[in-house]
Amino acid sequence: MKSTLRSLFFIPLYLRIFTNRMELTRLDEQGDAVTLERSFSSVRMLIHDYEAAENAAQEAIGQLFAGHPKLKPKNISIMVQPMELLEGGLSGLEERALLEIGYGAGANTVLLTDVDVDQAVAIKQLSAA
(Lines give C-alpha, C1' and ligand atoms only; values in the text may rest on other atoms or scores of the structure.)
Protein backbone atom coordinates (compact mmCIF):
# COMPACT_ATOMS: atom_id res chain seq x y z
CA MET A 1 0.00 0.00 0.00
CA LYS A 2 2.82 2.39 0.88
CA SER A 3 4.49 1.97 -2.53
CA THR A 4 1.12 2.54 -4.23
CA LEU A 5 0.63 5.79 -2.33
CA ARG A 6 4.16 6.83 -3.14
CA SER A 7 3.59 6.28 -6.86
CA LEU A 8 0.45 8.43 -6.74
CA PHE A 9 2.43 11.41 -5.47
CA PHE A 10 5.83 10.61 -6.98
CA ILE A 11 7.16 13.62 -8.91
CA PRO A 12 10.39 12.88 -10.80
CA LEU A 13 12.49 15.89 -11.83
CA TYR A 14 15.68 16.24 -13.86
CA LEU A 15 18.00 19.11 -12.90
CA ARG A 16 20.76 19.96 -15.36
CA ILE A 17 23.31 22.44 -14.02
CA PHE A 18 25.36 24.58 -16.38
CA THR A 19 27.61 27.54 -15.60
CA ASN A 20 25.25 30.02 -13.91
CA ARG A 21 22.18 28.27 -15.36
CA MET A 22 19.81 25.53 -14.24
CA GLU A 23 17.28 23.62 -16.31
CA LEU A 24 14.64 21.75 -14.34
CA THR A 25 12.26 19.38 -16.13
CA ARG A 26 9.36 17.29 -14.87
CA LEU A 27 9.78 13.72 -16.05
CA ASP A 28 6.14 12.77 -15.58
CA GLU A 29 3.25 13.29 -17.98
CA GLN A 30 3.28 17.06 -17.27
CA GLY A 31 6.68 17.50 -18.90
CA ASP A 32 6.96 21.15 -17.80
CA ALA A 33 10.39 22.79 -17.73
CA VAL A 34 11.98 25.89 -16.20
CA THR A 35 15.31 27.53 -16.99
CA LEU A 36 16.91 29.96 -14.55
CA GLU A 37 20.06 32.02 -14.89
CA ARG A 38 21.68 33.02 -11.62
CA SER A 39 25.23 33.76 -10.54
CA PHE A 40 26.51 30.72 -8.63
CA SER A 41 29.50 29.52 -10.72
CA SER A 42 33.08 30.67 -11.14
CA VAL A 43 35.69 30.09 -13.83
CA ARG A 44 36.94 26.97 -12.00
CA MET A 45 33.85 25.69 -10.19
CA LEU A 46 30.33 24.91 -11.31
CA ILE A 47 29.05 25.54 -7.77
CA HIS A 48 31.11 28.41 -6.41
CA ASP A 49 28.33 29.96 -4.30
CA TYR A 50 26.42 27.08 -2.70
CA GLU A 51 23.69 29.23 -1.17
CA ALA A 52 22.94 30.97 -4.48
CA ALA A 53 22.78 27.60 -6.26
CA GLU A 54 20.45 26.12 -3.65
CA ASN A 55 18.22 29.21 -3.81
CA ALA A 56 18.12 28.91 -7.62
CA ALA A 57 17.05 25.25 -7.37
CA GLN A 58 14.34 26.16 -4.84
CA GLU A 59 13.15 28.96 -7.12
CA ALA A 60 13.06 26.62 -10.11
CA ILE A 61 10.87 24.16 -8.22
CA GLY A 62 8.63 27.02 -7.11
CA GLN A 63 8.25 28.20 -10.70
CA LEU A 64 7.61 24.68 -11.95
CA PHE A 65 4.64 24.32 -9.61
CA ALA A 66 3.50 27.97 -9.67
CA GLY A 67 0.39 27.08 -11.69
CA HIS A 68 -0.72 24.86 -8.81
CA PRO A 69 -0.74 27.13 -5.74
CA LYS A 70 -2.39 24.50 -3.52
CA LEU A 71 -0.02 21.76 -4.65
CA LYS A 72 3.08 21.64 -2.53
CA PRO A 73 4.83 18.49 -3.69
CA LYS A 74 5.78 16.19 -0.85
CA ASN A 75 7.49 13.40 -2.77
CA ILE A 76 9.94 15.05 -5.14
CA SER A 77 12.79 12.99 -6.55
CA ILE A 78 15.53 14.79 -8.48
CA MET A 79 18.21 13.48 -10.77
CA VAL A 80 21.03 16.06 -10.83
CA GLN A 81 23.43 16.25 -13.76
CA PRO A 82 26.33 18.70 -13.87
CA MET A 83 26.79 19.68 -17.51
CA GLU A 84 30.03 21.68 -17.49
CA LEU A 85 33.39 21.96 -15.73
CA LEU A 86 33.72 18.19 -15.44
CA GLU A 87 37.34 17.86 -16.53
CA GLY A 88 38.96 15.18 -14.42
CA GLY A 89 35.65 14.14 -12.88
CA LEU A 90 33.84 15.45 -9.85
CA SER A 91 35.52 15.62 -6.46
CA GLY A 92 33.76 14.22 -3.43
CA LEU A 93 33.07 17.77 -2.30
CA GLU A 94 31.44 18.65 -5.62
CA GLU A 95 29.31 15.50 -5.51
CA ARG A 96 28.19 16.34 -1.97
CA ALA A 97 27.34 19.93 -2.92
CA LEU A 98 25.25 18.78 -5.91
CA LEU A 99 23.37 16.23 -3.81
CA GLU A 100 22.75 18.76 -1.04
CA ILE A 101 21.41 21.30 -3.55
CA GLY A 102 18.75 18.75 -4.51
CA TYR A 103 17.83 18.03 -0.90
CA GLY A 104 17.91 21.73 -0.04
CA ALA A 105 15.52 22.41 -2.90
CA GLY A 106 12.98 20.10 -1.28
CA ALA A 107 13.64 16.66 -2.73
CA ASN A 108 13.20 13.49 -0.71
CA THR A 109 15.44 11.53 -3.08
CA VAL A 110 18.41 12.86 -5.04
CA LEU A 111 20.54 10.92 -7.51
CA LEU A 112 23.63 12.25 -9.24
CA THR A 113 24.62 11.36 -12.79
CA ASP A 114 27.42 12.56 -15.02
CA VAL A 115 25.96 11.17 -18.26
CA ASP A 116 22.80 11.99 -20.21
CA VAL A 117 20.01 9.73 -19.03
CA ASP A 118 16.96 8.72 -21.01
CA GLN A 119 13.69 9.89 -19.42
CA ALA A 120 12.38 6.34 -18.86
CA VAL A 121 15.68 5.28 -17.26
CA ALA A 122 15.71 8.34 -14.99
CA ILE A 123 12.15 7.68 -13.82
CA LYS A 124 12.97 4.03 -13.14
CA GLN A 125 16.12 4.90 -11.17
CA LEU A 126 14.37 7.62 -9.16
CA SER A 127 11.37 5.45 -8.32
CA ALA A 128 13.64 2.61 -7.19
CA ALA A 129 15.74 4.86 -4.94
# chains A, B, ... in the order shown; residues from 1 in each chain; ligands from 1

call {"tool": "select_by_dssp", "arguments": {"residues": "stretch 43-97 of chain A", "states": "strand (DSSP E or B)", "output": "PyMOL selection string"}}
result
chain A and resi 76-82

call {"tool": "atom_distance", "arguments": {"atom1": "atom CA of A:Ala57", "atom2": "atom CA of A:Arg16"}}
result
10.3 Å

call {"tool": "residues_around", "arguments": {"residues": "A:Gly89", "least_positions_apart": "5", "cutoff": "10 Å", "atoms": "only C-alpha atoms", "output": "ChimeraX atom specification"}}
result
/A:94-95,114

call {"tool": "residues_around", "arguments": {"residues": "A:Ser41", "least_positions_apart": "6", "cutoff": "9 Å", "atoms": "only C-alpha atoms", "output": "MDAnalysis selection string"}}
result
chainID A and resid 18:21 47:50 53

call {"tool": "closest_residue", "arguments": {"among": "A:Val43, A:Leu36, A:Ala105, A:Leu85", "to": "A:Gln58", "atoms": "only C-alpha atoms"}}
result
A:Ala105

call {"tool": "select_by_dssp", "arguments": {"residues": "chain A", "states": "helix (DSSP H, G or I)", "output": "ChimeraX atom specification"}}
result
/A:2-9,50-64,92-104,119-128

call {"tool": "atom_distance", "arguments": {"atom1": "atom CA of A:Thr113", "atom2": "atom CA of A:Gln81"}}
result
5.1 Å

call {"tool": "atom_distance", "arguments": {"atom1": "atom CA of A:Tyr14", "atom2": "atom CA of A:Thr35"}}
result
11.7 Å

call {"tool": "closest_residue", "arguments": {"among": "A:Val115, A:Ile123, A:Arg26, A:Asp32", "to": "A:Leu86", "atoms": "only C-alpha atoms"}}
result
A:Val115

call {"tool": "closest_residue", "arguments": {"among": "A:Val34, A:Ile17, A:Leu112, A:Met22", "to": "A:Arg96", "atoms": "only C-alpha atoms"}}
result
A:Leu112

call {"tool": "closest_residue", "arguments": {"among": "A:Glu23, A:Glu87, A:Asp118, A:Asp28", "to": "A:Arg44", "atoms": "only C-alpha atoms"}}
result
A:Glu87
